[in-house]
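Comments concern the structure below.
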Amino acid sequence: MKSFNPGLHLKYIGVLVLLVLAQRFFVPFITIRDAGPQLPILLVVFIALRHGQIQSTVYGFTAGLLTDILTVDTIGIGALALTLAGFMAGYFFDPERIDEALRTGRYVAIVTITAVLFNLLYIFTFFRTLNENTAELLLRIGMGGAVYSVVFSIIVVLIASRTVSKIKV
Amino acid sequence: METLIRIFRHFREYFVLVLFAGISFFLISRSDSTLVHLIRTVSLAATGSLYSLAENLNPSYILRGKDQAMRNANIRLMEEIMELRQLKYENTRLRKLLEFRASAPSTLVPAEVIGQRRTAFTNYLTISTGKSEGVSPGMPVLLENGLVGKVQYASNTYSIVQTLFNRDFRVSAIVKRSRVKGIIRWEKGDYLLLSNVLKTADVAIGDTITTSSFSTIFPPDIFIGTVVSVGTGPTGVFNRITVKPGMNLGTLEWVFVRRSLPNSERKDLEDLLETQAL
């Protein structure tokens with residue numbers, strides 16, 4: 001079992017707080033018809049690929065809770081959706097491929113799946129009851145938001161491909 | 001014991017999931033608790049400052065002094081317009097024949113809109129006024145051209161306003177001409193719905209919708225919007241009435257908080273009735 005590295009987790013928490021703040025203050029400016037990227041998912045998936053399911057579940061919950069607190073939506077909805085998304089992303093953890101976490105299209109693919117799942121969970125949890133608008137919402141926010149997150153994940157991969165070799169995570 | 005530890009180790013991912021999902025469900029169920037309100041208030045104080053900081057970096061900030069004077073004049077005019085509107089309707093309805101008790105004059109507090117949080121289901125504004133100016137949760141927020149929403153949370157210097165464009169927002173409303181009552185709510189888009197109105201009720205395109213005296217939160221006769229379409233609802237029993245709101249959320253820069261709180265005595269009495277019914 002790998003030993004706990006507090007310094008590394010402090011870095012993660014720092015990045016997480018920045019991403020949640022960006023989600024609150026930056027994302028509203030680039031949202032198109034309610035569909036916007038889910039920036040905390042980028043970190044949660046990265047943690048899932050590097051550290052496994054438990055860590056990604058914990059970070060998913062933390063990110064969701066922070067987002068809920070900063071926004072004024074019902075507290076707990078984002079936490080639940082990101083907890084489940086983090087747990088699901090953890091299934092893709094492969095101890096043999098830890099170093100490839102950000103270097104391949106695998107990261108982008110897992111962000112896609114996780115973002116779709118998160119958006120679906122979020123819509124269904126928020127909705128509580130279904131009505132005729134659900135299909136349109138799923139397509140517009142569920143898929144639209146996921147595509148948006150994927151765009152950001154590609155940017156992360158492109159940046160990482162240039163810099164990751166210089167960084168010891 | 002060892003077996004239990006083995007089971008825990010084997011399924012620890014699932015235990016972690018159940019734990020955090022459980023906490024999330026608990027928080028969802030307690031979203032109106034005092035603790036959540038406290039967390040929100042602290043978060044509001046922090047995020048409100050960030051919004052203000054961003055606003056101050058805006059070059060248009062320099063012009064605000066002049067703008068503020070004009071806004072103050074606007075408040076006085078708005079109060080006069082509202083008073084005139086109320087008088088007009090009172091005359092029309094011959095309410096002078098009744099023992100009409102005018103509501104106590106309340107003070108309007110101007111507030112700058114410094115942030116907006118918008119999702120497919122909710123729409124909140126962050127405004128630059130709070131408890132230090134006597135603003136409390138539950139107070140109505142309005143403009144000269146209609147109701148905007150109500151204060152949901154308030155810190156010392158900032159408040160969060162739940163607007164009409166929010167799935168959880170409901171306000172008891174009345175059709176001015178025919179006195180038909182219904183409930184204003186929002187589903188999607190730029191229009192509101194007047195629900196719970198029977199198909200046989202007298203509602204026509206162009207009718208004015210205002211708050212009704214049934215509301216324990218909003219004072220009566222605040223303009224909400226105008227009827228733009230009347231159709232049949234999915235059940236066939238109720239009308240589907242679309243209302244164009246007076247205010248335009250996209251262009252809001254300033255709003256006014258009306259320092260009037262719900263009538264607690266009336267609310268307590270109505271709550272008692274509800275408790276007894278259960």
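Starting from 1 in every chain, residues are counted up; chains themselves are A, B, ... following the order of the structure tokens, and ligands are numbered from 1 as listed.
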
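Neighbours of Leu198 of chain B closer than or equal to 12 Å, with only C-alpha atoms counted and sequence neighbours fewer than 6 positions away skipped, come out as Val180, Lys181, Gly182, Ile183, Val230, Gly231, Thr232, Gly233, Thr235, Gly236, Val237, Phe238, Asn239, Arg240 and Ile241 of chain B.
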
Include C-alpha atoms and write out the residues we just selected as an mmCIF file, in the first residue's frame.
data_model
loop_
_atom_site.group_PDB
_atom_site.id
_atom_site.type_symbol
_atom_site.label_atom_id
_atom_site.label_comp_id
_atom_site.auth_asym_id
_atom_site.auth_seq_id
_atom_site.Cartn_x
_atom_site.Cartn_y
_atom_site.Cartn_z
ATOM 1 C CA VAL B 180 -59.377 35.218 -10.686
ATOM 2 C CA LYS B 181 -56.695 33.787 -8.419
ATOM 3 C CA GLY B 182 -53.881 31.413 -9.264
ATOM 4 C CA ILE B 183 -50.271 30.616 -8.553
ATOM 5 C CA VAL B 230 -54.375 31.181 -22.655
ATOM 6 C CA GLY B 231 -54.490 27.498 -23.573
ATOM 7 C CA THR B 232 -55.666 24.203 -22.170
ATOM 8 C CA GLY B 233 -53.456 22.408 -19.673
ATOM 9 C CA THR B 235 -55.305 17.479 -17.820
ATOM 10 C CA GLY B 236 -57.945 19.530 -19.616
ATOM 11 C CA VAL B 237 -59.313 20.821 -16.291
ATOM 12 C CA PHE B 238 -57.004 23.778 -15.827
ATOM 13 C CA ASN B 239 -55.911 26.516 -18.172
ATOM 14 C CA ARG B 240 -52.306 26.895 -19.240
ATOM 15 C CA ILE B 241 -51.815 30.622 -18.924
#

Produce a table with one row for each residue of chain B that has an atom at most 10 Å from any atom of chain A, each row naming the nearest atom pair and its distance in Å at one decimal; use only C-alpha atoms; arrange rows by chain and rising residue number; format as a tab-separated table.
residue	atom	partner	partner_atom	distance
B:Arg12	CA	A:Ile54	CA	7.9
B:Glu13	CA	A:Ile54	CA	5.4
B:Tyr14	CA	A:Ile54	CA	8.6
B:Phe15	CA	A:Ile54	CA	9.4
B:Val16	CA	A:Ile54	CA	6.7
B:Leu17	CA	A:Thr57	CA	6.6
B:Val18	CA	A:Thr83	CA	9.7
B:Leu19	CA	A:Val58	CA	9.9
B:Phe20	CA	A:Phe61	CA	6.6
B:Ala21	CA	A:Leu80	CA	5.5
B:Gly22	CA	A:Leu80	CA	8.5
B:Ile23	CA	A:Gly76	CA	7.9
B:Ser24	CA	A:Gly76	CA	4.5
B:Phe25	CA	A:Gly76	CA	6.5
B:Phe26	CA	A:Gly76	CA	7.7
B:Leu27	CA	A:Gly76	CA	5.1
B:Ile28	CA	A:Gly76	CA	4.9
B:Ser29	CA	A:Gly76	CA	8.5
B:Arg30	CA	A:Ile75	CA	8.4
B:Ser31	CA	A:Ile75	CA	5.8
B:Asp32	CA	A:Thr74	CA	8.8
B:Val36	CA	A:Ile75	CA	7.7
B:Ile39	CA	A:Ile69	CA	7.1
B:Arg40	CA	A:Ile69	CA	6.4
B:Thr41	CA	A:Ile69	CA	9.7
B:Val42	CA	A:Ile69	CA	9.4
B:Ser43	CA	A:Leu70	CA	6.0
B:Leu44	CA	A:Leu70	CA	7.6
B:Ala46	CA	A:Leu70	CA	9.0
B:Thr47	CA	A:Leu70	CA	7.3
B:Leu50	CA	A:Phe25	CA	8.8
B:Tyr51	CA	A:Phe25	CA	8.4
B:Ala54	CA	A:Phe25	CA	9.8
B:Gly115	CA	A:Phe25	CA	9.1
B:Gln116	CA	A:Pro28	CA	8.5
B:Arg117	CA	A:Thr71	CA	7.2
B:Arg118	CA	A:Pro28	CA	7.6
B:Thr119	CA	A:Asp34	CA	5.7
B:Ala120	CA	A:Asp34	CA	5.6
B:Phe121	CA	A:Phe126	CA	7.9
B:Thr122	CA	A:Asp73	CA	7.5
B:Asn123	CA	A:Val72	CA	9.2
B:Tyr124	CA	A:Val72	CA	7.5
B:Leu125	CA	A:Val72	CA	9.8
B:Gln152	CA	A:Val72	CA	9.2
B:Tyr153	CA	A:Val72	CA	9.1
B:Ile160	CA	A:Val72	CA	8.1
B:Val161	CA	A:Val72	CA	9.8
B:Gln162	CA	A:Val72	CA	9.2
B:Arg167	CA	A:Phe127	CA	9.4
B:Glu187	CA	A:Asn133	CA	9.4
B:Lys188	CA	A:Asn133	CA	9.1

Could you dump the residues just selected with N, CA and C atoms as a short mmCIF file (atom, residue, chain, number, x, y, z; two decimals), in the first residue's frame?
data_model
loop_
_atom_site.label_atom_id
_atom_site.label_comp_id
_atom_site.auth_asym_id
_atom_site.auth_seq_id
_atom_site.Cartn_x
_atom_site.Cartn_y
_atom_site.Cartn_z
N ARG B 12 -14.34 -1.89 0.91
CA ARG B 12 -14.15 -0.56 1.48
C ARG B 12 -14.57 0.56 0.53
N GLU B 13 -14.38 0.35 -0.77
CA GLU B 13 -14.80 1.38 -1.74
C GLU B 13 -16.30 1.63 -1.62
N TYR B 14 -17.04 0.52 -1.45
CA TYR B 14 -18.50 0.64 -1.37
C TYR B 14 -18.93 1.29 -0.06
N PHE B 15 -18.19 0.99 1.01
CA PHE B 15 -18.50 1.63 2.30
C PHE B 15 -18.28 3.14 2.20
N VAL B 16 -17.18 3.52 1.55
CA VAL B 16 -16.90 4.96 1.38
C VAL B 16 -18.01 5.62 0.56
N LEU B 17 -18.41 4.93 -0.51
CA LEU B 17 -19.48 5.47 -1.36
C LEU B 17 -20.77 5.65 -0.55
N VAL B 18 -21.14 4.60 0.18
CA VAL B 18 -22.39 4.65 0.96
C VAL B 18 -22.31 5.77 2.00
N LEU B 19 -21.15 5.92 2.63
CA LEU B 19 -20.98 6.96 3.65
C LEU B 19 -21.21 8.35 3.05
N PHE B 20 -20.51 8.64 1.93
CA PHE B 20 -20.62 9.99 1.37
C PHE B 20 -21.96 10.23 0.67
N ALA B 21 -22.50 9.19 0.06
CA ALA B 21 -23.83 9.35 -0.54
C ALA B 21 -24.84 9.58 0.58
N GLY B 22 -24.66 8.89 1.69
CA GLY B 22 -25.55 9.07 2.84
C GLY B 22 -25.48 10.49 3.38
N ILE B 23 -24.25 11.02 3.51
CA ILE B 23 -24.09 12.40 3.99
C ILE B 23 -24.79 13.37 3.02
N SER B 24 -24.62 13.08 1.70
CA SER B 24 -25.24 13.96 0.69
C SER B 24 -26.76 13.95 0.84
N PHE B 25 -27.34 12.75 0.99
CA PHE B 25 -28.80 12.66 1.14
C PHE B 25 -29.25 13.38 2.41
N PHE B 26 -28.45 13.23 3.47
CA PHE B 26 -28.78 13.90 4.73
C PHE B 26 -28.81 15.41 4.53
N LEU B 27 -27.78 15.92 3.81
CA LEU B 27 -27.71 17.37 3.57
C LEU B 27 -28.89 17.84 2.71
N ILE B 28 -29.24 17.02 1.70
CA ILE B 28 -30.37 17.41 0.85
C ILE B 28 -31.64 17.52 1.70
N SER B 29 -31.81 16.54 2.59
CA SER B 29 -33.03 16.55 3.41
C SER B 29 -33.03 17.68 4.44
N ARG B 30 -31.83 18.19 4.77
CA ARG B 30 -31.76 19.26 5.78
C ARG B 30 -31.37 20.60 5.16
N SER B 31 -31.74 20.80 3.89
CA SER B 31 -31.27 22.01 3.21
C SER B 31 -31.86 23.30 3.78
N ASP B 32 -32.88 23.18 4.63
CA ASP B 32 -33.45 24.39 5.23
C ASP B 32 -33.05 24.56 6.69
N VAL B 36 -27.25 24.94 7.66
CA VAL B 36 -27.09 25.21 6.22
C VAL B 36 -27.24 26.71 5.97
N ILE B 39 -24.00 28.32 6.98
CA ILE B 39 -22.95 28.08 5.98
C ILE B 39 -23.17 29.00 4.77
N ARG B 40 -24.40 29.09 4.34
CA ARG B 40 -24.75 29.94 3.19
C ARG B 40 -24.39 31.41 3.47
N THR B 41 -24.71 31.85 4.67
CA THR B 41 -24.45 33.25 5.02
C THR B 41 -22.96 33.54 4.97
N VAL B 42 -22.16 32.62 5.53
CA VAL B 42 -20.70 32.80 5.51
C VAL B 42 -20.20 32.79 4.07
N SER B 43 -20.69 31.83 3.29
CA SER B 43 -20.27 31.72 1.88
C SER B 43 -20.67 32.96 1.09
N LEU B 44 -21.86 33.49 1.42
CA LEU B 44 -22.34 34.69 0.74
C LEU B 44 -21.44 35.88 1.03
N ALA B 46 -18.33 35.80 1.70
CA ALA B 46 -17.07 35.59 0.98
C ALA B 46 -17.24 35.82 -0.52
N THR B 47 -18.25 35.22 -1.12
CA THR B 47 -18.41 35.34 -2.58
C THR B 47 -18.88 36.72 -2.97
N LEU B 50 -15.96 38.84 -3.47
CA LEU B 50 -15.30 38.55 -4.75
C LEU B 50 -16.03 39.24 -5.91
N TYR B 51 -17.36 39.21 -5.85
CA TYR B 51 -18.13 39.88 -6.90
C TYR B 51 -17.85 41.39 -6.88
N ALA B 54 -14.54 42.16 -8.42
CA ALA B 54 -14.61 42.10 -9.88
C ALA B 54 -15.30 43.35 -10.44
N GLY B 115 -24.14 39.92 -9.02
CA GLY B 115 -23.88 38.57 -9.52
C GLY B 115 -25.17 37.85 -9.84
N GLN B 116 -25.03 36.89 -10.71
CA GLN B 116 -26.22 36.10 -11.07
C GLN B 116 -25.80 34.65 -11.20
N ARG B 117 -26.55 33.79 -10.56
CA ARG B 117 -26.28 32.34 -10.65
C ARG B 117 -27.47 31.74 -11.37
N ARG B 118 -27.20 31.17 -12.54
CA ARG B 118 -28.30 30.69 -13.37
C ARG B 118 -28.04 29.26 -13.80
N THR B 119 -29.02 28.39 -13.57
CA THR B 119 -28.94 27.03 -14.11
C THR B 119 -30.25 26.80 -14.86
N ALA B 120 -30.44 25.59 -15.34
CA ALA B 120 -31.68 25.31 -16.06
C ALA B 120 -32.88 25.35 -15.14
N PHE B 121 -32.65 25.21 -13.83
CA PHE B 121 -33.76 25.09 -12.90
C PHE B 121 -33.87 26.24 -11.91
N THR B 122 -32.79 26.96 -11.76
CA THR B 122 -32.79 28.01 -10.75
C THR B 122 -32.20 29.30 -11.30
N ASN B 123 -32.48 30.38 -10.61
CA ASN B 123 -31.94 31.66 -11.00
C ASN B 123 -31.86 32.55 -9.77
N TYR B 124 -30.66 32.85 -9.37
CA TYR B 124 -30.47 33.67 -8.17
C TYR B 124 -29.64 34.90 -8.50
N LEU B 125 -29.90 35.97 -7.76
CA LEU B 125 -29.10 37.18 -7.91
C LEU B 125 -28.35 37.42 -6.61
N GLN B 152 -33.51 35.36 -0.20
CA GLN B 152 -33.40 33.98 0.28
C GLN B 152 -32.41 33.90 1.46
N TYR B 153 -31.27 34.52 1.29
CA TYR B 153 -30.26 34.55 2.36
C TYR B 153 -29.73 35.98 2.45
N ILE B 160 -28.82 37.12 -1.19
CA ILE B 160 -29.13 36.29 -2.35
C ILE B 160 -30.63 36.38 -2.59
N VAL B 161 -30.98 36.67 -3.83
CA VAL B 161 -32.39 36.81 -4.19
C VAL B 161 -32.83 35.62 -5.03
N GLN B 162 -33.88 34.96 -4.59
CA GLN B 162 -34.48 33.90 -5.42
C GLN B 162 -35.46 34.59 -6.35
N ARG B 167 -37.49 27.23 -10.18
CA ARG B 167 -38.47 26.15 -10.07
C ARG B 167 -39.14 26.08 -8.70
N GLU B 187 -41.45 27.42 -15.35
CA GLU B 187 -40.99 26.11 -15.82
C GLU B 187 -39.69 26.26 -16.60
N LYS B 188 -39.74 27.09 -17.64
CA LYS B 188 -38.54 27.33 -18.45
C LYS B 188 -38.73 28.57 -19.31
#

- Query: What gap, in Å, lies between atom CA of Phe169 of chain B and atom CA of Arg185 of chain B?
  - Reply: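 Between atom CA of Phe169 of chain B and atom CA of Arg185 of chain B the gap works out to 6.2 Å.
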
- Item | Members of segment 71-256 of chain B assigned strand (DSSP E) by DSSP, as a ChimeraX atom specification | /B:108-118,123-127,140-143,146-154,159-163,171-175,181-185,192-195,208-211,223-232,239-245,254-256

Okay, now the selection with C-alpha atoms, as a PDB file, in the first residue's frame?
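Output file out-v4.pdb follows:
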ATOM      1  CA  LEU B 108     -37.447  50.503  -0.390  1.00  0.00           C
ATOM      2  CA  VAL B 109     -33.754  49.768  -0.178  1.00  0.00           C
ATOM      3  CA  PRO B 110     -31.823  50.144  -3.459  1.00  0.00           C
ATOM      4  CA  ALA B 111     -29.339  47.382  -4.215  1.00  0.00           C
ATOM      5  CA  GLU B 112     -26.928  46.786  -7.037  1.00  0.00           C
ATOM      6  CA  VAL B 113     -27.032  43.397  -8.730  1.00  0.00           C
ATOM      7  CA  ILE B 114     -23.459  42.168  -8.444  1.00  0.00           C
ATOM      8  CA  GLY B 115     -23.879  38.568  -9.523  1.00  0.00           C
ATOM      9  CA  GLN B 116     -26.215  36.096 -11.066  1.00  0.00           C
ATOM     10  CA  ARG B 117     -26.280  32.344 -10.650  1.00  0.00           C
ATOM     11  CA  ARG B 118     -28.296  30.692 -13.372  1.00  0.00           C
ATOM     12  CA  ASN B 123     -31.941  31.665 -11.004  1.00  0.00           C
ATOM     13  CA  TYR B 124     -30.470  33.666  -8.165  1.00  0.00           C
ATOM     14  CA  LEU B 125     -29.103  37.181  -7.909  1.00  0.00           C
ATOM     15  CA  THR B 126     -26.441  38.427  -5.545  1.00  0.00           C
ATOM     16  CA  ILE B 127     -27.199  41.978  -4.463  1.00  0.00           C
ATOM     17  CA  PRO B 140     -39.813  41.031  -1.517  1.00  0.00           C
ATOM     18  CA  VAL B 141     -37.491  42.334  -4.218  1.00  0.00           C
ATOM     19  CA  LEU B 142     -38.967  44.459  -6.962  1.00  0.00           C
ATOM     20  CA  LEU B 143     -38.503  47.042  -9.652  1.00  0.00           C
ATOM     21  CA  GLY B 146     -42.607  44.386 -11.524  1.00  0.00           C
ATOM     22  CA  LEU B 147     -41.789  41.757  -8.956  1.00  0.00           C
ATOM     23  CA  VAL B 148     -38.276  40.306  -9.148  1.00  0.00           C
ATOM     24  CA  GLY B 149     -38.293  37.722  -6.340  1.00  0.00           C
ATOM     25  CA  LYS B 150     -37.578  37.440  -2.653  1.00  0.00           C
ATOM     26  CA  VAL B 151     -34.524  37.536  -0.420  1.00  0.00           C
ATOM     27  CA  GLN B 152     -33.401  33.982   0.284  1.00  0.00           C
ATOM     28  CA  TYR B 153     -30.263  34.552   2.355  1.00  0.00           C
ATOM     29  CA  ALA B 154     -28.738  37.699   3.818  1.00  0.00           C
ATOM     30  CA  SER B 159     -28.073  39.086  -0.049  1.00  0.00           C
ATOM     31  CA  ILE B 160     -29.127  36.286  -2.349  1.00  0.00           C
ATOM     32  CA  VAL B 161     -32.394  36.811  -4.187  1.00  0.00           C
ATOM     33  CA  GLN B 162     -34.483  33.898  -5.417  1.00  0.00           C
ATOM     34  CA  THR B 163     -36.015  35.257  -8.609  1.00  0.00           C
ATOM     35  CA  VAL B 171     -46.363  33.350  -5.541  1.00  0.00           C
ATOM     36  CA  SER B 172     -50.078  33.698  -5.092  1.00  0.00           C
ATOM     37  CA  ALA B 173     -51.366  35.937  -7.891  1.00  0.00           C
ATOM     38  CA  ILE B 174     -54.577  37.522  -9.103  1.00  0.00           C
ATOM     39  CA  VAL B 175     -55.945  38.651 -12.465  1.00  0.00           C
ATOM     40  CA  LYS B 181     -56.695  33.787  -8.419  1.00  0.00           C
ATOM     41  CA  GLY B 182     -53.881  31.413  -9.264  1.00  0.00           C
ATOM     42  CA  ILE B 183     -50.271  30.616  -8.553  1.00  0.00           C
ATOM     43  CA  ILE B 184     -47.387  32.060 -10.511  1.00  0.00           C
ATOM     44  CA  ARG B 185     -44.537  29.650 -11.163  1.00  0.00           C
ATOM     45  CA  LEU B 192     -44.091  32.485 -16.301  1.00  0.00           C
ATOM     46  CA  LEU B 193     -47.139  30.293 -15.827  1.00  0.00           C
ATOM     47  CA  LEU B 194     -50.305  31.169 -13.946  1.00  0.00           C
ATOM     48  CA  SER B 195     -51.364  27.746 -12.681  1.00  0.00           C
ATOM     49  CA  THR B 208     -52.642  42.253 -15.743  1.00  0.00           C
ATOM     50  CA  ILE B 209     -51.368  39.868 -13.095  1.00  0.00           C
ATOM     51  CA  THR B 210     -50.371  41.119  -9.651  1.00  0.00           C
ATOM     52  CA  THR B 211     -49.637  39.555  -6.280  1.00  0.00           C
ATOM     53  CA  PHE B 223     -47.260  43.993 -10.632  1.00  0.00           C
ATOM     54  CA  ILE B 224     -45.992  40.633 -11.930  1.00  0.00           C
ATOM     55  CA  GLY B 225     -46.743  40.612 -15.648  1.00  0.00           C
ATOM     56  CA  THR B 226     -49.247  40.438 -18.481  1.00  0.00           C
ATOM     57  CA  VAL B 227     -51.090  37.419 -19.903  1.00  0.00           C
ATOM     58  CA  VAL B 228     -49.789  36.585 -23.378  1.00  0.00           C
ATOM     59  CA  SER B 229     -51.558  33.300 -24.057  1.00  0.00           C
ATOM     60  CA  VAL B 230     -54.375  31.181 -22.655  1.00  0.00           C
ATOM     61  CA  GLY B 231     -54.490  27.498 -23.573  1.00  0.00           C
ATOM     62  CA  THR B 232     -55.666  24.203 -22.170  1.00  0.00           C
ATOM     63  CA  ASN B 239     -55.911  26.516 -18.172  1.00  0.00           C
ATOM     64  CA  ARG B 240     -52.306  26.895 -19.240  1.00  0.00           C
ATOM     65  CA  ILE B 241     -51.815  30.622 -18.924  1.00  0.00           C
ATOM     66  CA  THR B 242     -48.528  32.145 -20.019  1.00  0.00           C
ATOM     67  CA  VAL B 243     -47.496  35.419 -18.419  1.00  0.00           C
ATOM     68  CA  LYS B 244     -44.861  37.800 -19.691  1.00  0.00           C
ATOM     69  CA  PRO B 245     -43.105  39.171 -16.613  1.00  0.00           C
ATOM     70  CA  TRP B 254     -30.396  47.538  -9.710  1.00  0.00           C
ATOM     71  CA  VAL B 255     -33.308  46.241  -7.682  1.00  0.00           C
ATOM     72  CA  PHE B 256     -35.192  47.407  -4.621  1.00  0.00           C
TER      73      PHE B 256
END

- Item | In segment 91-235 of chain B, DSSP helix (DSSP H, G or I) residues written as a PyMOL selection string | chain B and resi 91-92+95-97+131-133

- Query: In Å, with one decimal, what is the gap from atom CA of Val157 of chain A to atom CA of Arg106 of chain A?
  - Reply: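 Between atom CA of Val157 of chain A and atom CA of Arg106 of chain A the gap works out to 10.0 Å.
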